[in-house]
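data-v9.tsv (TSV, N, CA and C atoms) appears below.
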```tsv
chain	number	residue	atom	x	y	z
A	1	MET	N	177.98	-29.83	56.38
A	1	MET	CA	176.82	-29.14	56.89
A	1	MET	C	176.50	-29.59	58.31
A	2	ARG	N	176.82	-30.86	58.61
A	2	ARG	CA	176.58	-31.36	59.97
A	2	ARG	C	177.40	-30.57	60.98
A	3	LEU	N	178.64	-30.26	60.62
A	3	LEU	CA	179.50	-29.50	61.51
A	3	LEU	C	178.89	-28.14	61.83
A	4	ILE	N	178.36	-27.48	60.83
A	4	ILE	CA	177.76	-26.17	61.02
A	4	ILE	C	176.57	-26.27	61.97
A	5	MET	N	175.73	-27.27	61.79
A	5	MET	CA	174.56	-27.43	62.65
A	5	MET	C	174.98	-27.74	64.09
A	6	MET	N	176.04	-28.51	64.28
A	6	MET	CA	176.51	-28.83	65.62
A	6	MET	C	177.03	-27.57	66.32
A	7	VAL	N	177.74	-26.73	65.60
A	7	VAL	CA	178.25	-25.49	66.19
A	7	VAL	C	177.09	-24.58	66.58
A	8	LEU	N	176.10	-24.47	65.72
A	8	LEU	CA	174.95	-23.63	66.01
A	8	LEU	C	174.20	-24.15	67.23
A	9	ALA	N	173.99	-25.46	67.32
A	9	ALA	CA	173.30	-26.04	68.47
A	9	ALA	C	174.08	-25.80	69.75
A	10	GLY	N	175.39	-25.96	69.70
A	10	GLY	CA	176.22	-25.73	70.88
A	10	GLY	C	176.17	-24.30	71.35
A	11	THR	N	176.19	-23.37	70.42
A	11	THR	CA	176.11	-21.95	70.77
A	11	THR	C	174.76	-21.63	71.40
A	12	THR	N	173.71	-22.23	70.90
A	12	THR	CA	172.38	-21.99	71.45
A	12	THR	C	172.29	-22.49	72.88
A	13	LEU	N	172.86	-23.66	73.17
A	13	LEU	CA	172.81	-24.21	74.52
A	13	LEU	C	173.59	-23.35	75.51
A	14	VAL	N	174.70	-22.78	75.09
A	14	VAL	CA	175.51	-21.95	75.98
A	14	VAL	C	174.74	-20.69	76.37
A	15	ALA	N	173.88	-20.22	75.51
A	15	ALA	CA	173.15	-18.98	75.76
A	15	ALA	C	172.00	-19.14	76.73
A	16	CYS	N	171.69	-20.35	77.17
A	16	CYS	CA	170.58	-20.59	78.09
A	16	CYS	C	170.96	-20.15	79.50
A	17	GLY	N	169.96	-19.78	80.29
A	17	GLY	CA	170.18	-19.39	81.68
A	17	GLY	C	170.03	-17.90	81.85
A	18	PRO	N	170.05	-17.46	83.12
A	18	PRO	CA	169.88	-16.02	83.37
A	18	PRO	C	171.10	-15.23	82.92
A	19	PRO	N	170.88	-14.01	82.45
A	19	PRO	CA	172.01	-13.17	82.05
A	19	PRO	C	172.93	-12.93	83.24
A	20	PRO	N	174.24	-12.92	83.01
A	20	PRO	CA	175.19	-12.72	84.11
A	20	PRO	C	174.96	-11.44	84.90
A	21	VAL	N	174.47	-10.40	84.25
A	21	VAL	CA	174.26	-9.12	84.95
A	21	VAL	C	173.10	-9.22	85.95
A	22	GLU	N	172.26	-10.23	85.82
A	22	GLU	CA	171.11	-10.40	86.73
A	22	GLU	C	171.42	-11.30	87.92
A	23	ARG	N	172.53	-12.03	87.86
A	23	ARG	CA	172.88	-12.93	88.98
A	23	ARG	C	173.29	-12.11	90.20
A	24	ALA	N	173.10	-12.70	91.37
A	24	ALA	CA	173.44	-12.02	92.63
A	24	ALA	C	174.95	-11.79	92.72
A	25	LEU	N	175.31	-10.70	93.34
A	25	LEU	CA	176.71	-10.38	93.58
A	25	LEU	C	177.17	-11.01	94.90
A	26	THR	N	178.47	-11.31	94.97
A	26	THR	CA	179.06	-11.81	96.21
A	26	THR	C	179.95	-10.71	96.77
A	27	PHE	N	179.64	-10.29	97.99
A	27	PHE	CA	180.37	-9.20	98.63
A	27	PHE	C	181.30	-9.73	99.71
A	28	ASP	N	182.39	-9.03	99.93
A	28	ASP	CA	183.32	-9.33	101.02
A	28	ASP	C	183.58	-8.01	101.72
A	29	GLY	N	182.93	-7.81	102.81
A	29	GLY	CA	183.13	-6.57	103.54
A	29	GLY	C	181.81	-5.93	103.91
A	30	PRO	N	181.89	-4.74	104.48
A	30	PRO	CA	180.68	-4.07	104.96
A	30	PRO	C	179.77	-3.62	103.82
A	31	ARG	N	178.51	-3.57	104.15
A	31	ARG	CA	177.51	-3.08	103.19
A	31	ARG	C	176.88	-1.82	103.78
A	32	THR	N	176.73	-0.84	102.95
A	32	THR	CA	176.19	0.43	103.41
A	32	THR	C	174.68	0.47	103.19
A	33	PRO	N	174.00	1.41	103.84
A	33	PRO	CA	172.56	1.57	103.60
A	33	PRO	C	172.26	1.95	102.14
A	34	GLN	N	173.24	2.46	101.45
A	34	GLN	CA	173.12	2.90	100.07
A	34	GLN	C	173.24	1.73	99.09
A	35	LEU	N	173.53	0.51	99.57
A	35	LEU	CA	173.84	-0.64	98.72
A	35	LEU	C	172.77	-0.90	97.66
A	36	ALA	N	171.50	-0.97	98.06
A	36	ALA	CA	170.44	-1.29	97.10
A	36	ALA	C	170.37	-0.28	95.96
A	37	GLN	N	170.48	1.00	96.29
A	37	GLN	CA	170.42	2.04	95.25
A	37	GLN	C	171.65	1.95	94.35
A	38	ASP	N	172.83	1.79	94.96
A	38	ASP	CA	174.05	1.68	94.16
A	38	ASP	C	173.98	0.47	93.23
A	39	GLU	N	173.51	-0.66	93.76
A	39	GLU	CA	173.42	-1.86	92.94
A	39	GLU	C	172.44	-1.68	91.79
A	40	ASN	N	171.30	-1.06	92.04
A	40	ASN	CA	170.33	-0.81	90.97
A	40	ASN	C	170.91	0.10	89.89
A	41	GLU	N	171.61	1.14	90.31
A	41	GLU	CA	172.21	2.06	89.34
A	41	GLU	C	173.29	1.36	88.52
A	42	CYS	N	174.13	0.55	89.17
A	42	CYS	CA	175.19	-0.16	88.46
A	42	CYS	C	174.60	-1.21	87.51
A	43	ARG	N	173.53	-1.88	87.92
A	43	ARG	CA	172.89	-2.85	87.03
A	43	ARG	C	172.31	-2.15	85.80
A	44	ASP	N	171.75	-0.97	85.97
A	44	ASP	CA	171.24	-0.21	84.82
A	44	ASP	C	172.37	0.18	83.87
A	45	ILE	N	173.47	0.60	84.43
A	45	ILE	CA	174.64	0.95	83.59
A	45	ILE	C	175.12	-0.29	82.83
A	46	ALA	N	175.22	-1.42	83.52
A	46	ALA	CA	175.70	-2.66	82.90
A	46	ALA	C	174.73	-3.17	81.84
A	47	ARG	N	173.44	-3.08	82.07
A	47	ARG	CA	172.44	-3.56	81.10
A	47	ARG	C	172.54	-2.78	79.78
A	48	ASN	N	172.95	-1.53	79.85
A	48	ASN	CA	173.01	-0.69	78.66
A	48	ASN	C	174.37	-0.72	77.98
A	49	TYR	N	175.33	-1.45	78.53
A	49	TYR	CA	176.66	-1.52	77.95
A	49	TYR	C	176.65	-2.39	76.70
A	50	ASP	N	177.35	-1.94	75.67
A	50	ASP	CA	177.50	-2.71	74.44
A	50	ASP	C	178.96	-2.63	74.01
A	51	ASN	N	179.61	-3.80	73.89
A	51	ASN	CA	181.03	-3.81	73.54
A	51	ASN	C	181.29	-3.54	72.07
A	52	GLY	N	180.24	-3.51	71.24
A	52	GLY	CA	180.38	-3.15	69.83
A	52	GLY	C	180.94	-4.23	68.92
A	53	ASN	N	181.05	-5.46	69.38
A	53	ASN	CA	181.64	-6.53	68.57
A	53	ASN	C	180.64	-7.32	67.73
A	54	SER	N	179.37	-7.05	67.84
A	54	SER	CA	178.35	-7.86	67.18
A	54	SER	C	178.52	-7.91	65.67
A	55	ARG	N	178.69	-6.77	65.03
A	55	ARG	CA	178.81	-6.74	63.57
A	55	ARG	C	180.06	-7.46	63.10
A	56	TRP	N	181.17	-7.21	63.80
A	56	TRP	CA	182.43	-7.83	63.40
A	56	TRP	C	182.35	-9.35	63.52
A	57	GLN	N	181.81	-9.86	64.64
A	57	GLN	CA	181.73	-11.31	64.82
A	57	GLN	C	180.73	-11.95	63.87
A	58	ALA	N	179.63	-11.28	63.58
A	58	ALA	CA	178.65	-11.81	62.62
A	58	ALA	C	179.27	-11.86	61.23
A	59	GLY	N	180.00	-10.83	60.84
A	59	GLY	CA	180.64	-10.80	59.53
A	59	GLY	C	181.72	-11.85	59.37
A	60	SER	N	182.57	-11.98	60.38
A	60	SER	CA	183.62	-13.00	60.30
A	60	SER	C	183.01	-14.40	60.37
A	61	GLY	N	181.93	-14.57	61.11
A	61	GLY	CA	181.23	-15.86	61.15
A	61	GLY	C	180.64	-16.21	59.80
A	62	ALA	N	180.11	-15.21	59.11
A	62	ALA	CA	179.53	-15.44	57.78
A	62	ALA	C	180.61	-15.87	56.79
A	63	ILE	N	181.76	-15.22	56.85
A	63	ILE	CA	182.85	-15.58	55.94
A	63	ILE	C	183.34	-16.99	56.21
A	64	LEU	N	183.61	-17.28	57.47
A	64	LEU	CA	184.09	-18.61	57.82
A	64	LEU	C	183.03	-19.68	57.53
A	65	GLY	N	181.79	-19.40	57.87
A	65	GLY	CA	180.70	-20.34	57.60
A	65	GLY	C	180.52	-20.59	56.11
A	66	GLY	N	180.64	-19.54	55.31
A	66	GLY	CA	180.54	-19.69	53.86
A	66	GLY	C	181.63	-20.58	53.30
A	67	LEU	N	182.85	-20.40	53.81
A	67	LEU	CA	183.96	-21.24	53.36
A	67	LEU	C	183.74	-22.70	53.75
A	68	VAL	N	183.32	-22.93	54.99
A	68	VAL	CA	183.07	-24.30	55.44
A	68	VAL	C	181.92	-24.91	54.65
A	69	GLY	N	180.87	-24.14	54.44
A	69	GLY	CA	179.74	-24.64	53.67
A	69	GLY	C	180.11	-25.00	52.25
A	70	ALA	N	180.95	-24.19	51.62
A	70	ALA	CA	181.39	-24.48	50.26
A	70	ALA	C	182.29	-25.71	50.22
A	71	LEU	N	183.17	-25.84	51.20
A	71	LEU	CA	184.07	-27.00	51.26
A	71	LEU	C	183.32	-28.29	51.60
A	72	ASP	N	182.24	-28.16	52.35
A	72	ASP	CA	181.47	-29.32	52.79
A	72	ASP	C	180.50	-29.81	51.70
A	73	SER	N	180.33	-29.05	50.64
A	73	SER	CA	179.36	-29.41	49.60
A	73	SER	C	180.00	-30.34	48.56
A	74	ASP	N	179.17	-30.90	47.73
A	74	ASP	CA	179.61	-31.85	46.69
A	74	ASP	C	179.81	-31.09	45.38
A	75	PRO	N	181.05	-30.95	44.90
A	75	PRO	CA	181.30	-30.18	43.67
A	75	PRO	C	180.74	-30.85	42.42
A	76	ASP	N	180.41	-32.14	42.52
A	76	ASP	CA	179.86	-32.85	41.36
A	76	ASP	C	178.37	-32.57	41.16
A	77	VAL	N	177.71	-32.02	42.18
A	77	VAL	CA	176.29	-31.72	42.08
A	77	VAL	C	176.15	-30.24	41.71
A	78	LYS	N	175.44	-29.99	40.61
A	78	LYS	CA	175.30	-28.62	40.11
A	78	LYS	C	174.58	-27.75	41.15
A	79	GLY	N	175.18	-26.63	41.48
A	79	GLY	CA	174.59	-25.67	42.41
A	79	GLY	C	174.82	-25.99	43.88
A	80	ASP	N	175.42	-27.15	44.18
A	80	ASP	CA	175.59	-27.53	45.58
A	80	ASP	C	176.62	-26.65	46.29
A	81	VAL	N	177.67	-26.26	45.59
A	81	VAL	CA	178.71	-25.41	46.20
A	81	VAL	C	178.12	-24.05	46.57
A	82	GLY	N	177.35	-23.47	45.66
A	82	GLY	CA	176.73	-22.17	45.94
A	82	GLY	C	175.73	-22.25	47.08
A	83	ALA	N	174.94	-23.33	47.08
A	83	ALA	CA	173.97	-23.50	48.16
A	83	ALA	C	174.68	-23.72	49.49
A	84	GLY	N	175.76	-24.49	49.47
A	84	GLY	CA	176.54	-24.70	50.69
A	84	GLY	C	177.17	-23.42	51.19
A	85	LEU	N	177.65	-22.61	50.26
A	85	LEU	CA	178.25	-21.34	50.63
A	85	LEU	C	177.21	-20.42	51.29
A	86	ILE	N	176.04	-20.33	50.69
A	86	ILE	CA	174.99	-19.46	51.23
A	86	ILE	C	174.50	-19.97	52.58
A	87	ALA	N	174.25	-21.28	52.68
A	87	ALA	CA	173.78	-21.84	53.95
A	87	ALA	C	174.84	-21.69	55.03
A	88	GLY	N	176.10	-21.95	54.68
A	88	GLY	CA	177.19	-21.80	55.64
A	88	GLY	C	177.34	-20.37	56.11
A	89	ALA	N	177.21	-19.43	55.18
A	89	ALA	CA	177.32	-18.02	55.54
A	89	ALA	C	176.19	-17.60	56.48
A	90	ALA	N	174.99	-18.08	56.22
A	90	ALA	CA	173.85	-17.73	57.08
A	90	ALA	C	174.04	-18.30	58.49
A	91	VAL	N	174.41	-19.56	58.55
A	91	VAL	CA	174.63	-20.20	59.86
A	91	VAL	C	175.83	-19.56	60.56
A	92	GLY	N	176.89	-19.26	59.83
A	92	GLY	CA	178.06	-18.62	60.41
A	92	GLY	C	177.75	-17.24	60.96
A	93	ALA	N	176.95	-16.48	60.24
A	93	ALA	CA	176.56	-15.16	60.72
A	93	ALA	C	175.74	-15.27	62.00
A	94	ALA	N	174.81	-16.21	62.02
A	94	ALA	CA	173.98	-16.41	63.22
A	94	ALA	C	174.84	-16.86	64.40
A	95	THR	N	175.76	-17.77	64.14
A	95	THR	CA	176.64	-18.26	65.20
A	95	THR	C	177.56	-17.15	65.71
A	96	GLY	N	178.10	-16.35	64.79
A	96	GLY	CA	178.95	-15.23	65.19
A	96	GLY	C	178.19	-14.20	66.01
A	97	ALA	N	176.96	-13.91	65.60
A	97	ALA	CA	176.14	-12.95	66.34
A	97	ALA	C	175.80	-13.48	67.72
A	98	ALA	N	175.49	-14.78	67.80
A	98	ALA	CA	175.19	-15.39	69.10
A	98	ALA	C	176.41	-15.35	70.01
A	99	GLY	N	177.57	-15.64	69.45
A	99	GLY	CA	178.81	-15.56	70.22
A	99	GLY	C	179.08	-14.16	70.72
A	100	ALA	N	178.81	-13.17	69.89
A	100	ALA	CA	179.00	-11.77	70.28
A	100	ALA	C	178.05	-11.40	71.41
A	101	LYS	N	176.84	-11.92	71.34
A	101	LYS	CA	175.87	-11.63	72.41
A	101	LYS	C	176.34	-12.22	73.73
A	102	ILE	N	176.87	-13.44	73.69
A	102	ILE	CA	177.38	-14.07	74.91
A	102	ILE	C	178.56	-13.28	75.47
A	103	ASP	N	179.47	-12.85	74.59
A	103	ASP	CA	180.60	-12.04	75.03
A	103	ASP	C	180.13	-10.74	75.66
A	104	ASN	N	179.14	-10.12	75.05
A	104	ASN	CA	178.62	-8.85	75.56
A	104	ASN	C	177.98	-9.04	76.93
A	105	LEU	N	177.27	-10.17	77.12
A	105	LEU	CA	176.66	-10.45	78.43
A	105	LEU	C	177.74	-10.62	79.50
A	106	ASP	N	178.82	-11.31	79.15
A	106	ASP	CA	179.92	-11.47	80.10
A	106	ASP	C	180.57	-10.13	80.41
A	107	ASP	N	180.73	-9.29	79.40
A	107	ASP	CA	181.31	-7.97	79.61
A	107	ASP	C	180.42	-7.12	80.51
A	108	ARG	N	179.12	-7.28	80.39
A	108	ARG	CA	178.19	-6.53	81.24
A	108	ARG	C	178.36	-6.91	82.71
A	109	ARG	N	178.65	-8.17	82.97
A	109	ARG	CA	178.90	-8.61	84.35
A	109	ARG	C	180.14	-7.90	84.89
A	110	VAL	N	181.18	-7.80	84.08
A	110	VAL	CA	182.41	-7.12	84.49
A	110	VAL	C	182.12	-5.64	84.77
A	111	VAL	N	181.32	-5.01	83.92
A	111	VAL	CA	180.95	-3.60	84.12
A	111	VAL	C	180.21	-3.45	85.45
A	112	LEU	N	179.29	-4.36	85.75
A	112	LEU	CA	178.54	-4.31	87.01
A	112	LEU	C	179.50	-4.40	88.20
A	113	ILE	N	180.39	-5.38	88.17
A	113	ILE	CA	181.32	-5.57	89.29
A	113	ILE	C	182.23	-4.35	89.45
A	114	ARG	N	182.77	-3.86	88.36
A	114	ARG	CA	183.67	-2.69	88.44
A	114	ARG	C	182.94	-1.44	88.91
A	115	CYS	N	181.69	-1.30	88.50
A	115	CYS	CA	180.89	-0.16	88.95
A	115	CYS	C	180.71	-0.21	90.47
A	116	MET	N	180.38	-1.39	90.98
A	116	MET	CA	180.20	-1.54	92.43
A	116	MET	C	181.52	-1.33	93.17
A	117	GLN	N	182.61	-1.83	92.61
A	117	GLN	CA	183.91	-1.62	93.24
A	117	GLN	C	184.28	-0.14	93.23
A	118	GLY	N	183.92	0.55	92.16
A	118	GLY	CA	184.17	1.98	92.07
A	118	GLY	C	183.39	2.78	93.10
A	119	ARG	N	182.32	2.21	93.59
A	119	ARG	CA	181.52	2.88	94.62
A	119	ARG	C	181.94	2.44	96.01
A	120	GLY	N	183.04	1.70	96.09
A	120	GLY	CA	183.61	1.37	97.40
A	120	GLY	C	183.26	0.01	97.97
A	121	TYR	N	182.55	-0.83	97.21
A	121	TYR	CA	182.17	-2.15	97.71
A	121	TYR	C	183.23	-3.17	97.31
A	122	SER	N	183.48	-4.12	98.18
A	122	SER	CA	184.41	-5.20	97.88
A	122	SER	C	183.59	-6.35	97.29
A	123	VAL	N	183.56	-6.41	95.97
A	123	VAL	CA	182.76	-7.41	95.25
A	123	VAL	C	183.70	-8.49	94.73
A	124	LEU	N	183.38	-9.74	95.06
A	124	LEU	CA	184.19	-10.87	94.62
A	124	LEU	C	183.73	-11.42	93.27
A	125	GLY	N	182.47	-11.30	92.99
A	125	GLY	CA	181.97	-11.84	91.73
A	125	GLY	C	180.48	-11.82	91.65
```
Starting from the coordinates I provided, produce the structure as structure tokens.
Amino acid sequence: MRLIMMVLAGTTLVACGPPPVERALTFDGPRTPQLAQDENECRDIARNYDNGNSRWQAGSGAILGGLVGALDSDPDVKGDVGAGLIAGAAVGAATGAAGAKIDNLDDRRVVLIRCMQGRGYSVLG
């Protein structure tokens, strides 16, 4: 159970800070008078992007967490395996969903950069 709690705590810490789509862009090259409008439009597109992995990662996290929870429990204590399985599945689902959210935030940054590049800007990151 300690392992599960450590993974959950680590995932929570990684999620701290401003979303990648909100960080300033680094440009290399000329900027047009249209830059502010283009950037606002691309940020709106990126904010609404969803890679669709949340359910899959939460489900696989629940399965893996349930297995770890069951293996981490004491089989000599009545009901401990079932409780470990349920607790592990809950923590695994939460961890998987948090991981999916982080992945989605990173993907949104890529969408923002590609959108700006598609409008003719040389964006480094």
Query raised in the report: Which distance in Å separates atom CA of Asp50 of chain A and atom CA of Asp106 of chain A, to one decimal?
Result: 10.7 Å
**Report entry** Within 8 Å of Ala46 of chain A using only N, CA and C atoms, minus same-chain residues under 5 positions, as a PyMOL selection string
**Finding:** chain A and resi 21+40-41+107-113+115
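What separates atom CA of Gly120 of chain A from atom CA of Arg43 of chain A is a distance of 15.5 Å.
With all atoms listed in the file as the atoms that count, the residue of A:Leu105, A:Leu35, A:Ser122, A:Gly88 with the shortest distance to Pro20 of chain A is A:Leu105.
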Please identify all polymer residues within 7 Å of Asp28 of chain A, counting all atoms listed in the file, omitting same-chain residues fewer than 3 positions from it, and present them as a JSON list (two decimals) with N, CA and C atoms, in the coordinates of the input.
```json
[["chain", "number", "residue", "atom", "x", "y", "z"],
["A", 121, "TYR", "N", 182.55, -0.83, 97.21],
["A", 121, "TYR", "CA", 182.17, -2.15, 97.71],
["A", 121, "TYR", "C", 183.23, -3.17, 97.31],
["A", 122, "SER", "N", 183.48, -4.12, 98.18],
["A", 122, "SER", "CA", 184.41, -5.20, 97.88],
["A", 122, "SER", "C", 183.59, -6.35, 97.29],
["A", 123, "VAL", "N", 183.56, -6.41, 95.97],
["A", 123, "VAL", "CA", 182.76, -7.41, 95.25],
["A", 123, "VAL", "C", 183.70, -8.49, 94.73],
["A", 124, "LEU", "N", 183.38, -9.74, 95.06],
["A", 124, "LEU", "CA", 184.19, -10.87, 94.62],
["A", 124, "LEU", "C", 183.73, -11.42, 93.27]]
```
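Between atom N of Pro19 of chain A and atom C of Arg47 of chain A the interatomic distance comes to 11.7 Å.
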